[in-house]
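**Q** My questions will all concern the structure given below.
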Amino acid sequence: MKELNATAKLFHGVTTIVVFFTFISANRIFALEPPQPGEMQQLHKSKQYQKRIMFAKQLGNDKVDQYLLKKSHNRAERKRLEIKGLNKQQIDSIAPIMAPPPAWQGLPTKGDVKIFALLIEFPDHIHSNSYDTIDAGLFGNGGNTNHFPNECLAAFYRRSSYNSLRINGNTLGWYQTSYNRSAVNQTTAGRENLIKEAIEYYDSIGHDFSQYDNNGDGKIDYFMVFWSGPHNGWANFWWGYKTGFSQTSYSIDGKQLGAYSWQWESNPVGTDFNASVAIHETGHALGLPDYYDYDNSVGPDGGVGCIDMMHSNWGDHNCFSKWLLDWVSPVYIFNGSQNISLDASGESQNCVLMWPPAVPNVFSEYFMIQNRHRVRNDTLLPADGMLIWHVDATLNSSGTNYEFNNSSTSHKLLKLIEADGNEDIENESCANEDDYFTTGATFGPCAKPFSKQYDGTSTKIKVSNFSAPGRTMSATFTHNAGCPFQWWFTAYKKTGMNKKDIKLVRKFRDEVLMKTAEGRTFKTRLYKNSDMALKVLLEHPYLFDRLAVIFKTNRNEINKAVHKEKAEIQNLDEITLFLDDFLKVSPDPLKCFLGEVKENMIRKEMQGETYLSFTLSERN
Ligand SMILES: [Zn+2]
């Protein structure tokens, strides 16, 4: 009889333990065109790899333009202070509006912007696409619709910027050199001499280059060079990238040359002109970084899962980029909870920026959320729904740029949160439909994918109640979301349980305890009281020590019960004492529940009932 009583106690003892684990499972001056599929893997095997990486890093296309980043965060800081209740005067003194620095020489991100394209061919590499085709693909109204949404540079940017950036300009070409392409030195000077030669030709026939200094700073903001012939691989001379004209003494029509992009007109040679490279490189000219991973031997891999113009020329610019460019005004959520409807970002400036309330300033980690329905520039994306971006805007030690990039730092500047939480992108997969947040998905402190900071701290940010995908969809954005899971994780650690132990307790709960009528009756009350129970435990750490002992001495018996073997409780007195002490420090509702557990335990023991035997015979 003693053994039977003991097993009855084991049941209750384990019930007590299970109470605490119930929630375990309840739920550069240059910018670079990305490499071709498989090219990086090939390069890795070759001796050229380091040389190319060095060239890529020299270009600096992995970095955000520093003026853009400061200006966008200045806007955000002002907004944050406003929400905090500061008046305009106070805000002006803490975060005065940034005026463009005199040295600012980039391409304006808004307004009517005029640029030019130089088409250069060689006697041994005659062009594949006509002047008309390329001009239409850059500045026309139609372009080649087969390549939609990358049919036309100007059209893409009008859509992307909600008509706030209106690029127009002139195509100059084809200019043919008197020498073969092999005569061009594959150096900065070689490239610049070729550019000067073509520019001087057009100047000599009367073209006015002073019209391309949009902001009147004495520099031509940006121009594009298209050359004929094949490329010679990622981060080589004949590839697509953006850089700046190095010869500062050189001027044409009184203007120095600023940033320019350098790219093929046809790839593979003989195929249609596609504006996507020009769109990507112009993204760099506007100040955006590459989001793909240059070097998979350092830092996290996978970039943003291909799903961005600055990763693989796929889809629109994301909301973080658009925010840097001042094309969107996010709804800033610094506290509370609100339900917000977001229209498709392809045709609407809607997006949300959520800051953890505890952050000291805007140069920190935050989340941006947008509805990426398949319209306009997003037409070819893999699915519909919301995308959530994790930004780490921490500044480097000199304060000149972001500390992080998507290539070579310990984590990414911009990371796409995968709704399925699988981290496939980190394993170099492209994003798919499972990465979109739609009905049923949750992003928060309690469930995968977790809304934690890179150091593991919970941000307590939650996005939930996603509606079905659509041109308009809604979700609930919550700050300070509580999470019992966080507590339970703490509890595991405190009781010294490892993963195997937790699995065992879960198994006992699901396959033994919950299979019984009594277990099912218990279930609701157990769940209802577990939060409170854990709170009390955390406030009284000595109880954890006691629980740890109970679990340790009964681990083998629990294991036997799970394997349908006869089990005998160990350390009975300790369980009773533990329940008594636990009761003493519990608030009334929990006291009531624990009291019942204890009474039941005594009653069953007196009746000689064996829960565990009963349990074993009942299931099966
Ligand atoms: Zn690039």
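Chain labels A, B, ... are given in the sequence in which chains occur in the structure tokens; within each chain residues are numbered consecutively from 1, and ligands are likewise numbered from 1 in the order shown.
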Which residues, written as a PDB file with N, CA and C atoms, in the first residue's frame, have at least one atom at most 7 Å from Ala441 of chain A, with only C-alpha atoms counted and residues fewer than 4 positions away on the same chain left out?

**A**
ATOM      1  N   ALA A 419       8.441  34.993 -41.115  1.00  0.00           N
ATOM      2  CA  ALA A 419       7.237  34.692 -40.331  1.00  0.00           C
ATOM      3  C   ALA A 419       7.245  33.253 -39.837  1.00  0.00           C
ATOM      4  N   PHE A 437       3.883  37.801 -43.077  1.00  0.00           N
ATOM      5  CA  PHE A 437       2.983  37.718 -41.944  1.00  0.00           C
ATOM      6  C   PHE A 437       1.541  37.924 -42.436  1.00  0.00           C
ATOM      7  N   SER A 464       0.364  41.397 -33.980  1.00  0.00           N
ATOM      8  CA  SER A 464      -0.516  40.224 -34.021  1.00  0.00           C
ATOM      9  C   SER A 464      -1.829  40.586 -34.696  1.00  0.00           C
ATOM     10  N   PHE A 466      -3.071  39.679 -37.503  1.00  0.00           N
ATOM     11  CA  PHE A 466      -2.946  40.052 -38.913  1.00  0.00           C
ATOM     12  C   PHE A 466      -4.228  39.671 -39.642  1.00  0.00           C
TER      13      PHE A 466
END

**Q** Env of segment 213-226 of chain A: 6 Å cut, atoms = only C-alpha atoms, seq-sep filter 5 positions within chain, self excluded. Answer as number ranges by chain.

**A** A: 106-107, 115-119, 255-265

**Q** Using only C-alpha atoms and all ligand atoms, which residues have at least one atom no more than 7 Å from ligand 1? Output them as a list in words.

**A**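 Using only C-alpha atoms and all ligand atoms, everything at most 7 Å from ligand 1 comes to Ala31, Leu32, Glu33, Pro34, Asn61, Tyr241, His280, Glu281, His284, Pro289, Asp290 and Met310 of chain A.
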
**Q** Find the residues around segment 397-405 of chain A up to 7 Å (only C-alpha atoms counted), leave out those fewer than 5 positions away in its own chain, and share them as a VMD selection string.

**A** chain A and resid 62 to 63 66 411 to 413

**Q** Let's see if you can do this: from backbone DSSP, list all strand (DSSP E or B) residues in segment 202-355 of chain A, as a PyMOL selection string.

**A** chain A and resi 219-227+241-244+251-252+255-264+331-333+337-344+352-354

**Q** DSSP on the backbone: what in segment 65-302 of chain A comes out alpha helix (DSSP H), as an MDAnalysis selection string?

**A** chainID A and resid 66:83 88:94 131:139 153:160 188:204 276:286

**Q** Of the candidates A:Tyr162, A:Phe334, A:Trp238, A:Tyr201, which one gets nearest to Asn185 of chain A if we count only C-alpha atoms?

**A**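 Nearest candidate to Asn185 of chain A out of A:Tyr162, A:Phe334, A:Trp238, A:Tyr201: A:Trp238.
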
**Q** I'd like the contact shell of Trp323 of chain A - 12 Å cut-off, only C-alpha atoms, skipping same-chain residues fewer than 3 positions apart - returned as number ranges by chain.

**A** A: 68-76, 109, 160-161, 287-288, 317-320, 326-332, 349-353, 368-370, 391

**Q** Set the distance at 10 Å and use only C-alpha atoms: which residues neighbour Gly270 of chain A once local chain neighbours fewer than 2 positions away are removed? I'd like the list as a short mmCIF file (atom, residue, chain, number, x, y, z; two decimals) with C-alpha atoms, in the first residue's frame.

**A**
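Here's the written file part-v9.cif:
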data_model
loop_
_atom_site.label_atom_id
_atom_site.label_comp_id
_atom_site.auth_asym_id
_atom_site.auth_seq_id
_atom_site.Cartn_x
_atom_site.Cartn_y
_atom_site.Cartn_z
CA ILE A 126 29.26 46.73 -81.41
CA HIS A 127 26.18 47.53 -79.30
CA SER A 128 23.20 45.15 -79.06
CA ASN A 129 20.53 47.71 -78.13
CA SER A 228 29.10 47.25 -74.96
CA GLY A 229 30.61 43.78 -74.71
CA PRO A 230 30.59 41.10 -72.03
CA GLU A 265 23.99 47.52 -72.01
CA SER A 266 23.29 43.85 -72.65
CA ASN A 267 23.84 40.73 -70.55
CA PRO A 268 24.36 38.17 -71.93
CA ASP A 272 17.36 43.02 -74.61
CA PHE A 273 18.22 46.07 -72.57
#
